[in-house]
Amino acid sequence: MDHIVGIARCSSYDREETASALALAADRAGGLPQVTSGEVLIKANLLSPSEPELAVTTHPEILRAVIGELRRQDGDIKVHIADNPGYIFTGEDALFSRTGVGELGKIGGVTVGILADKGVRAVKSQGFRVLDTAMISGRYLDSPYCVNASKLKTHVETEITGCIKNIFGTSDTSTRKKCHNSTSQKRLAEAIVDLFQIRPPEFNVLDAVVGMEGDGPSHGAPRHLGFIIAGRNALAVDWAAAVIMGYRDPLEVPLFAAAAARGIGPARRDEIVLNGADWDELPAAGFKKSSGLVRLFPTFLRGLAHRLVAISPRLVRGECVRCGICKKVCPADAISDEVSDGKRYPHIDTRRCVSCLCCHEMCPTGAMRAHKNLLARLAASSRS
Ligand code: SF4
Ligand code: SF4
């Protein structure tokens, strides 16, 4: 089966340039599916209350351009922009004001909110490989039309976060903890594909104007890439993202391999029709991938590799504001309080820790570092 992916160059988030590049990418992908109802859900990546220039969240100009593109079909359409952040530590107002997304709620017919505002519902296994039940946003399940507006970033666990990983955010915290509570990267990949299969979005837009490199998805470095990518198949769009990030064979990424094995994403590059650029033009020179290195080892050595090439959380106390988020998000209950100088700091029980790095991902100050041992540092430098 051929998957059509549209790609367009976009040098900045200038409003006019972004709108015309997004329209071009969507047209090259065959256009958005026809709107069939009065409301469209845009599932953004609003991982945390971060300013757009930090490249943690989908840029508001990309979301504005998606709204414009939808309204080319039907000027009266209502749009709701939403996400379930990993953990809201400053309140919803700060989330929407810092990400710039709140401004979009001032456009007539556009609302902004939390994806779980109508509660979550249990979804029983639909051929799941890891989960037996998942708790999913009712609004997402009930939405007849969803545009998945994601951000190209690295990810310390899944290597890439783009369209398929953005759908992980439709689940609740308990489901995410179940997915993360293992040292197996393959298990996590299968769990994310389980969630994705429940209700794939109708269309996907990937913000790769400025992406994130290094140890994403929260604390990597912004990297100008200059693309907007679009398409109906999330994995095909992510494939183009992986090539931009320097993966010669995106099936190296467990998430892509798991999706391909279930037939919900491409298994070969020649199953994708890329309109708007040649594959050879995509790789960003010197792009710094994440530190997810265990997969470089053959399967029978991965258990050993996990112990040798270790990436683990490490607290920098001077930067810790003692908010307790790391303890709340830890799926293995490996974090407790430790009192020092009369103050409570997080303490990690290394015997319980499964190195999922959720604490690192959600720490608002970056105090919980992703610490690489010597082998991990050597392997990382050989990859970048
Ligand atoms: S301490 Fe951090 S890395 Fe370890 S299991 Fe908990 S959240 Fe994951
Ligand atoms: S390490 Fe980060 S998340 Fe944990 S208490 Fe400190 S500031 Fe909060």
# chains A, B, ... in the order shown; residues from 1 in each chain; ligands from 1
call {"tool": "residues_near_ligand", "arguments": {"ligand": "ligand 1", "cutoff": "9 Å", "atoms": "only C-alpha atoms and all ligand atoms", "output": "JSON list (two decimals) with N, CA and C atoms, in the first residue's frame"}}
result
[["chain", "number", "residue", "atom", "x", "y", "z"],
["A", 180, "HIS", "N", 5.08, 2.49, 30.73],
["A", 180, "HIS", "CA", 6.48, 2.81, 31.02],
["A", 180, "HIS", "C", 7.15, 1.87, 32.02],
["A", 181, "ASN", "N", 6.35, 1.08, 32.73],
["A", 181, "ASN", "CA", 6.93, 0.35, 33.87],
["A", 181, "ASN", "C", 7.67, -0.91, 33.42],
["A", 182, "SER", "N", 8.74, -0.72, 32.69],
["A", 182, "SER", "CA", 9.56, -1.84, 32.21],
["A", 182, "SER", "C", 10.85, -1.27, 31.66],
["A", 183, "THR", "N", 11.90, -2.07, 31.68],
["A", 183, "THR", "CA", 13.15, -1.62, 31.05],
["A", 183, "THR", "C", 13.16, -1.93, 29.56],
["A", 311, "ILE", "N", 21.76, 4.58, 31.13],
["A", 311, "ILE", "CA", 21.31, 5.97, 31.21],
["A", 311, "ILE", "C", 20.30, 6.00, 32.35],
["A", 312, "SER", "N", 20.58, 6.77, 33.34],
["A", 312, "SER", "CA", 19.73, 6.74, 34.53],
["A", 312, "SER", "C", 19.50, 8.16, 35.04],
["A", 313, "PRO", "N", 18.44, 8.35, 35.83],
["A", 313, "PRO", "CA", 18.18, 9.69, 36.35],
["A", 313, "PRO", "C", 19.16, 10.06, 37.45],
["A", 314, "ARG", "N", 19.56, 11.29, 37.48],
["A", 314, "ARG", "CA", 20.44, 11.76, 38.56],
["A", 314, "ARG", "C", 20.03, 13.18, 38.93],
["A", 326, "CYS", "N", 8.36, 14.50, 39.94],
["A", 326, "CYS", "CA", 9.08, 13.26, 39.57],
["A", 326, "CYS", "C", 8.51, 12.08, 40.36],
["A", 327, "LYS", "N", 8.21, 12.29, 41.62],
["A", 327, "LYS", "CA", 7.66, 11.21, 42.45],
["A", 327, "LYS", "C", 6.28, 10.80, 41.93],
["A", 328, "LYS", "N", 5.49, 11.79, 41.51],
["A", 328, "LYS", "CA", 4.13, 11.48, 41.05],
["A", 328, "LYS", "C", 4.13, 10.72, 39.73],
["A", 329, "VAL", "N", 5.08, 11.03, 38.84],
["A", 329, "VAL", "CA", 5.04, 10.39, 37.51],
["A", 329, "VAL", "C", 5.79, 9.06, 37.47],
["A", 330, "CYS", "N", 6.58, 8.75, 38.49],
["A", 330, "CYS", "CA", 7.41, 7.54, 38.44],
["A", 330, "CYS", "C", 6.51, 6.28, 38.39],
["A", 331, "PRO", "N", 6.60, 5.47, 37.33],
["A", 331, "PRO", "CA", 5.73, 4.31, 37.23],
["A", 331, "PRO", "C", 6.14, 3.17, 38.14],
["A", 332, "ALA", "N", 7.37, 3.22, 38.66],
["A", 332, "ALA", "CA", 7.88, 2.11, 39.47],
["A", 332, "ALA", "C", 7.89, 2.44, 40.96],
["A", 333, "ASP", "N", 7.30, 3.57, 41.34],
["A", 333, "ASP", "CA", 7.33, 4.03, 42.74],
["A", 333, "ASP", "C", 8.75, 3.96, 43.29],
["A", 334, "ALA", "N", 9.69, 4.41, 42.49],
["A", 334, "ALA", "CA", 11.10, 4.32, 42.89],
["A", 334, "ALA", "C", 11.58, 5.59, 43.58],
["A", 335, "ILE", "N", 10.71, 6.61, 43.66],
["A", 335, "ILE", "CA", 11.15, 7.88, 44.24],
["A", 335, "ILE", "C", 10.42, 8.13, 45.56],
["A", 347, "HIS", "N", 14.47, 11.11, 46.37],
["A", 347, "HIS", "CA", 15.53, 10.11, 46.48],
["A", 347, "HIS", "C", 15.15, 8.93, 45.60],
["A", 348, "ILE", "N", 16.07, 8.47, 44.77],
["A", 348, "ILE", "CA", 15.77, 7.38, 43.82],
["A", 348, "ILE", "C", 16.29, 6.05, 44.37],
["A", 349, "ASP", "N", 15.39, 5.09, 44.46],
["A", 349, "ASP", "CA", 15.78, 3.73, 44.83],
["A", 349, "ASP", "C", 16.23, 3.03, 43.54],
["A", 350, "THR", "N", 17.52, 2.90, 43.38],
["A", 350, "THR", "CA", 18.05, 2.38, 42.10],
["A", 350, "THR", "C", 17.66, 0.92, 41.86],
["A", 352, "ARG", "N", 14.68, -0.27, 42.34],
["A", 352, "ARG", "CA", 13.32, -0.26, 41.76],
["A", 352, "ARG", "C", 13.26, 0.46, 40.42],
["A", 353, "CYS", "N", 14.18, 1.39, 40.21],
["A", 353, "CYS", "CA", 14.14, 2.24, 39.02],
["A", 353, "CYS", "C", 14.26, 1.39, 37.74],
["A", 354, "VAL", "N", 13.38, 1.65, 36.78],
["A", 354, "VAL", "CA", 13.44, 0.91, 35.50],
["A", 354, "VAL", "C", 14.03, 1.79, 34.39],
["A", 355, "SER", "N", 14.62, 2.91, 34.77],
["A", 355, "SER", "CA", 15.30, 3.81, 33.82],
["A", 355, "SER", "C", 14.39, 4.29, 32.69],
["A", 356, "CYS", "N", 13.13, 4.52, 33.01],
["A", 356, "CYS", "CA", 12.22, 4.99, 31.96],
["A", 356, "CYS", "C", 12.44, 6.48, 31.66],
["A", 357, "LEU", "N", 13.02, 7.19, 32.61],
["A", 357, "LEU", "CA", 13.33, 8.62, 32.49],
["A", 357, "LEU", "C", 12.10, 9.53, 32.41],
["A", 358, "CYS", "N", 10.95, 9.00, 32.89],
["A", 358, "CYS", "CA", 9.77, 9.88, 32.97],
["A", 358, "CYS", "C", 10.04, 11.06, 33.91],
["A", 359, "CYS", "N", 10.80, 10.80, 34.97],
["A", 359, "CYS", "CA", 11.11, 11.87, 35.94],
["A", 359, "CYS", "C", 11.93, 12.97, 35.25],
["A", 360, "HIS", "N", 12.86, 12.55, 34.42],
["A", 360, "HIS", "CA", 13.68, 13.51, 33.66],
["A", 360, "HIS", "C", 12.78, 14.30, 32.69],
["A", 361, "GLU", "N", 11.90, 13.56, 32.02],
["A", 361, "GLU", "CA", 11.04, 14.18, 31.00],
["A", 361, "GLU", "C", 10.15, 15.26, 31.61],
["A", 362, "MET", "N", 9.60, 14.97, 32.80],
["A", 362, "MET", "CA", 8.60, 15.88, 33.36],
["A", 362, "MET", "C", 9.15, 16.88, 34.36],
["A", 368, "MET", "N", 16.44, 16.90, 37.21],
["A", 368, "MET", "CA", 16.59, 15.45, 37.11],
["A", 368, "MET", "C", 17.23, 15.15, 35.76],
["A", 370, "ALA", "N", 19.41, 13.17, 32.73],
["A", 370, "ALA", "CA", 19.57, 11.83, 32.16],
["A", 370, "ALA", "C", 21.08, 11.57, 32.15]]
call {"tool": "residues_around", "arguments": {"residues": "Thr99 of chain A", "least_positions_apart": "6", "cutoff": "8 Å", "atoms": "only C-alpha atoms", "output": "PyMOL selection string"}}
result
chain A and resi 46+49-52+57+59-60
call {"tool": "residues_near_ligand", "arguments": {"ligand": "ligand 2", "cutoff": "8 Å", "atoms": "only C-alpha atoms and all ligand atoms", "output": "PyMOL selection string"}}
result
chain A and resi 315-317+319-327+345-346+359-360+362-368
call {"tool": "closest_residue", "arguments": {"among": "A:Ser12, A:Ser150, A:Gly86, A:Ala258", "to": "Arg176 of chain A", "atoms": "only C-alpha atoms"}}
result
A:Gly86
call {"tool": "closest_residue", "arguments": {"among": "A:Lys153, A:Lys372, A:Arg72, A:Lys43", "to": "Pro200 of chain A", "atoms": "only C-alpha atoms"}}
result
A:Lys43
call {"tool": "select_by_dssp", "arguments": {"residues": "segment 90-169 of chain A", "states": "alpha helix (DSSP H)", "output": "mmCIF file with N, CA, C and O atoms, in the first residue's frame"}}
result
data_model
loop_
_atom_site.group_PDB
_atom_site.id
_atom_site.type_symbol
_atom_site.label_atom_id
_atom_site.label_comp_id
_atom_site.auth_asym_id
_atom_site.auth_seq_id
_atom_site.Cartn_x
_atom_site.Cartn_y
_atom_site.Cartn_z
ATOM 1 N N GLU A 92 -3.625 25.141 34.326
ATOM 2 C CA GLU A 92 -3.962 25.180 32.894
ATOM 3 C C GLU A 92 -3.682 26.542 32.279
ATOM 4 O O GLU A 92 -3.262 26.637 31.128
ATOM 5 N N ASP A 93 -3.925 27.635 33.047
ATOM 6 C CA ASP A 93 -3.725 28.962 32.467
ATOM 7 C C ASP A 93 -2.285 29.148 32.024
ATOM 8 O O ASP A 93 -2.008 29.668 30.940
ATOM 9 N N ALA A 94 -1.355 28.701 32.881
ATOM 10 C CA ALA A 94 0.066 28.845 32.527
ATOM 11 C C ALA A 94 0.414 27.972 31.332
ATOM 12 O O ALA A 94 1.202 28.362 30.473
ATOM 13 N N LEU A 95 -0.185 26.783 31.265
ATOM 14 C CA LEU A 95 0.076 25.900 30.119
ATOM 15 C C LEU A 95 -0.294 26.602 28.823
ATOM 16 O O LEU A 95 0.485 26.643 27.862
ATOM 17 N N PHE A 96 -1.491 27.168 28.797
ATOM 18 C CA PHE A 96 -1.952 27.770 27.544
ATOM 19 C C PHE A 96 -1.286 29.117 27.263
ATOM 20 O O PHE A 96 -1.078 29.482 26.114
ATOM 21 N N SER A 97 -0.941 29.866 28.313
ATOM 22 C CA SER A 97 -0.305 31.158 28.026
ATOM 23 C C SER A 97 1.154 30.962 27.626
ATOM 24 O O SER A 97 1.623 31.553 26.657
ATOM 25 N N ARG A 98 1.885 30.090 28.307
ATOM 26 C CA ARG A 98 3.306 29.935 27.964
ATOM 27 C C ARG A 98 3.516 29.283 26.606
ATOM 28 O O ARG A 98 4.461 29.607 25.897
ATOM 29 N N THR A 99 2.656 28.350 26.258
ATOM 30 C CA THR A 99 2.816 27.694 24.951
ATOM 31 C C THR A 99 2.317 28.569 23.810
ATOM 32 O O THR A 99 2.543 28.250 22.645
ATOM 33 N N GLY A 138 -12.318 10.657 26.626
ATOM 34 C CA GLY A 138 -13.630 10.500 25.999
ATOM 35 C C GLY A 138 -13.796 11.443 24.825
ATOM 36 O O GLY A 138 -14.366 11.095 23.792
ATOM 37 N N ARG A 139 -13.266 12.655 24.954
ATOM 38 C CA ARG A 139 -13.383 13.620 23.860
ATOM 39 C C ARG A 139 -12.683 13.097 22.606
ATOM 40 O O ARG A 139 -13.197 13.216 21.498
ATOM 41 N N TYR A 140 -11.521 12.494 22.814
ATOM 42 C CA TYR A 140 -10.772 11.958 21.660
ATOM 43 C C TYR A 140 -11.530 10.789 21.027
ATOM 44 O O TYR A 140 -11.654 10.709 19.799
ATOM 45 N N LEU A 141 -12.031 9.896 21.878
ATOM 46 C CA LEU A 141 -12.748 8.734 21.342
ATOM 47 C C LEU A 141 -13.993 9.158 20.559
ATOM 48 O O LEU A 141 -14.337 8.557 19.545
ATOM 49 N N ASP A 142 -14.673 10.198 21.056
ATOM 50 C CA ASP A 142 -15.944 10.601 20.444
ATOM 51 C C ASP A 142 -15.771 11.545 19.254
ATOM 52 O O ASP A 142 -16.729 11.798 18.524
ATOM 53 N N CYS A 163 4.393 11.865 15.213
ATOM 54 C CA CYS A 163 2.938 11.688 15.123
ATOM 55 C C CYS A 163 2.438 10.522 15.978
ATOM 56 O O CYS A 163 1.479 10.678 16.738
ATOM 57 N N ILE A 164 3.055 9.339 15.860
ATOM 58 C CA ILE A 164 2.487 8.200 16.604
ATOM 59 C C ILE A 164 2.636 8.421 18.108
ATOM 60 O O ILE A 164 1.718 8.173 18.881
ATOM 61 N N LYS A 165 3.767 8.943 18.517
ATOM 62 C CA LYS A 165 3.994 9.141 19.961
ATOM 63 C C LYS A 165 3.052 10.213 20.514
ATOM 64 O O LYS A 165 2.677 10.164 21.690
ATOM 65 N N ASN A 166 2.656 11.171 19.678
ATOM 66 C CA ASN A 166 1.756 12.222 20.159
ATOM 67 C C ASN A 166 0.413 11.645 20.601
ATOM 68 O O ASN A 166 -0.248 12.185 21.489
#
call {"tool": "select_by_dssp", "arguments": {"residues": "segment 5-139 of chain A", "states": "strand (DSSP E)", "output": "PyMOL selection string"}}
result
chain A and resi 5-9+39-44+78-83+110-114+120-124+133-137
call {"tool": "atom_distance", "arguments": {"atom1": "atom CA of Leu251 of chain A", "atom2": "atom CA of Asp280 of chain A"}}
result
17.5 Å
call {"tool": "residues_around", "arguments": {"residues": "Val130 of chain A", "least_positions_apart": "3", "cutoff": "7 Å", "atoms": "only C-alpha atoms", "output": "list of chain:residue names"}}
result
A:Arg187, A:Glu190, A:Ala191
call {"tool": "write_last_selection", "arguments": {"atoms": "N, CA and C atoms", "output": "PDB file, in the first residue's frame"}}
result
ATOM      1  N   ARG A 187       8.822  -3.356  24.571  1.00  0.00           N
ATOM      2  CA  ARG A 187       7.509  -3.411  25.233  1.00  0.00           C
ATOM      3  C   ARG A 187       6.828  -2.049  25.192  1.00  0.00           C
ATOM      4  N   GLU A 190       5.481  -1.444  21.749  1.00  0.00           N
ATOM      5  CA  GLU A 190       4.246  -2.206  21.496  1.00  0.00           C
ATOM      6  C   GLU A 190       3.058  -1.558  22.214  1.00  0.00           C
ATOM      7  N   ALA A 191       3.304  -1.052  23.425  1.00  0.00           N
ATOM      8  CA  ALA A 191       2.217  -0.411  24.179  1.00  0.00           C
ATOM      9  C   ALA A 191       1.737   0.861  23.472  1.00  0.00           C
TER      10      ALA A 191
END
call {"tool": "residues_around", "arguments": {"residues": "Ala55 of chain A", "least_positions_apart": "4", "cutoff": "8 Å", "atoms": "only C-alpha atoms", "output": "list in words"}}
result
Glu51, His59, Lys151, Val210, Gly211, Met212, Ala221 and Pro222 of chain A
call {"tool": "write_last_selection", "arguments": {"atoms": "N, CA, C and O atoms", "output": "PDB file, in the first residue's frame"}}
result
ATOM      1  N   GLU A  51       7.680  27.787  26.574  1.00  0.00           N
ATOM      2  CA  GLU A  51       7.564  28.791  25.524  1.00  0.00           C
ATOM      3  C   GLU A  51       7.829  28.146  24.158  1.00  0.00           C
ATOM      4  O   GLU A  51       8.647  27.224  24.063  1.00  0.00           O
ATOM      5  N   HIS A  59       4.189  24.420  17.732  1.00  0.00           N
ATOM      6  CA  HIS A  59       4.204  25.885  17.682  1.00  0.00           C
ATOM      7  C   HIS A  59       2.792  26.407  17.393  1.00  0.00           C
ATOM      8  O   HIS A  59       2.085  25.862  16.537  1.00  0.00           O
ATOM      9  N   LYS A 151       5.000  17.435  17.039  1.00  0.00           N
ATOM     10  CA  LYS A 151       6.279  18.148  16.979  1.00  0.00           C
ATOM     11  C   LYS A 151       7.389  17.146  16.761  1.00  0.00           C
ATOM     12  O   LYS A 151       7.417  16.098  17.427  1.00  0.00           O
ATOM     13  N   VAL A 210      11.219  24.063  13.568  1.00  0.00           N
ATOM     14  CA  VAL A 210      12.280  23.942  14.579  1.00  0.00           C
ATOM     15  C   VAL A 210      11.941  22.703  15.393  1.00  0.00           C
ATOM     16  O   VAL A 210      10.877  22.641  16.027  1.00  0.00           O
ATOM     17  N   GLY A 211      12.789  21.697  15.348  1.00  0.00           N
ATOM     18  CA  GLY A 211      12.575  20.478  16.120  1.00  0.00           C
ATOM     19  C   GLY A 211      13.475  20.470  17.344  1.00  0.00           C
ATOM     20  O   GLY A 211      14.013  21.507  17.750  1.00  0.00           O
ATOM     21  N   MET A 212      13.610  19.299  17.939  1.00  0.00           N
ATOM     22  CA  MET A 212      14.489  19.175  19.112  1.00  0.00           C
ATOM     23  C   MET A 212      15.479  18.044  18.878  1.00  0.00           C
ATOM     24  O   MET A 212      15.108  16.966  18.436  1.00  0.00           O
ATOM     25  N   ALA A 221      17.862  20.237  22.770  1.00  0.00           N
ATOM     26  CA  ALA A 221      18.136  21.581  22.243  1.00  0.00           C
ATOM     27  C   ALA A 221      17.307  21.821  20.985  1.00  0.00           C
ATOM     28  O   ALA A 221      17.202  20.941  20.130  1.00  0.00           O
ATOM     29  N   PRO A 222      16.734  23.038  20.863  1.00  0.00           N
ATOM     30  CA  PRO A 222      16.006  23.358  19.628  1.00  0.00           C
ATOM     31  C   PRO A 222      16.956  23.275  18.434  1.00  0.00           C
ATOM     32  O   PRO A 222      18.119  23.645  18.535  1.00  0.00           O
TER      33      PRO A 222
END
call {"tool": "residues_around", "arguments": {"residues": "Val147 of chain A", "least_positions_apart": "2", "cutoff": "10 Å", "atoms": "only C-alpha atoms", "output": "list in words"}}
result
Leu32, Pro33, Val40, Leu41, Ile42, Lys43, Ala44, Leu63, Val66, Ile67, Leu70, Ile81, Tyr145, Ala149, Ser150, Pro200, Pro201, Glu202, Phe203, Asn204, Val205 and Arg232 of chain A
call {"tool": "closest_residue", "arguments": {"among": "A:Thr18, A:Gln126, A:Gln34, A:Asn84", "to": "Glu61 of chain A", "atoms": "only C-alpha atoms"}}
result
A:Thr18
call {"tool": "residues_around", "arguments": {"residues": "Ile77 of chain A", "least_positions_apart": "5", "cutoff": "9 Å", "atoms": "only C-alpha atoms", "output": "list in words"}}
result
Val35, Ser37, Gly38, Glu39, Val40, Leu70, Arg71, Gly109 and Val110 of chain A
call {"tool": "closest_residue", "arguments": {"among": "A:Gly169, A:Pro266, A:Gly30, A:Pro254", "to": "Met135 of chain A", "atoms": "only C-alpha atoms"}}
result
A:Gly169
call {"tool": "residues_around", "arguments": {"residues": "Trp279 of chain A", "least_positions_apart": "6", "cutoff": "10 Å", "atoms": "only C-alpha atoms", "output": "ChimeraX atom specification"}}
result
/A:240,243-244,269
call {"tool": "closest_residue", "arguments": {"among": "A:Lys124, A:His155, A:Lys343, A:Lys288", "to": "His219 of chain A", "atoms": "only C-alpha atoms"}}
result
A:His155
call {"tool": "closest_residue", "arguments": {"among": "A:Ser171, A:Gly102, A:Arg64, A:Gln73", "to": "Pro85 of chain A", "atoms": "only C-alpha atoms"}}
result
A:Ser171
call {"tool": "atom_distance", "arguments": {"atom1": "atom CA of Gly265 of chain A", "atom2": "atom CA of Gly216 of chain A"}}
result
23.4 Å
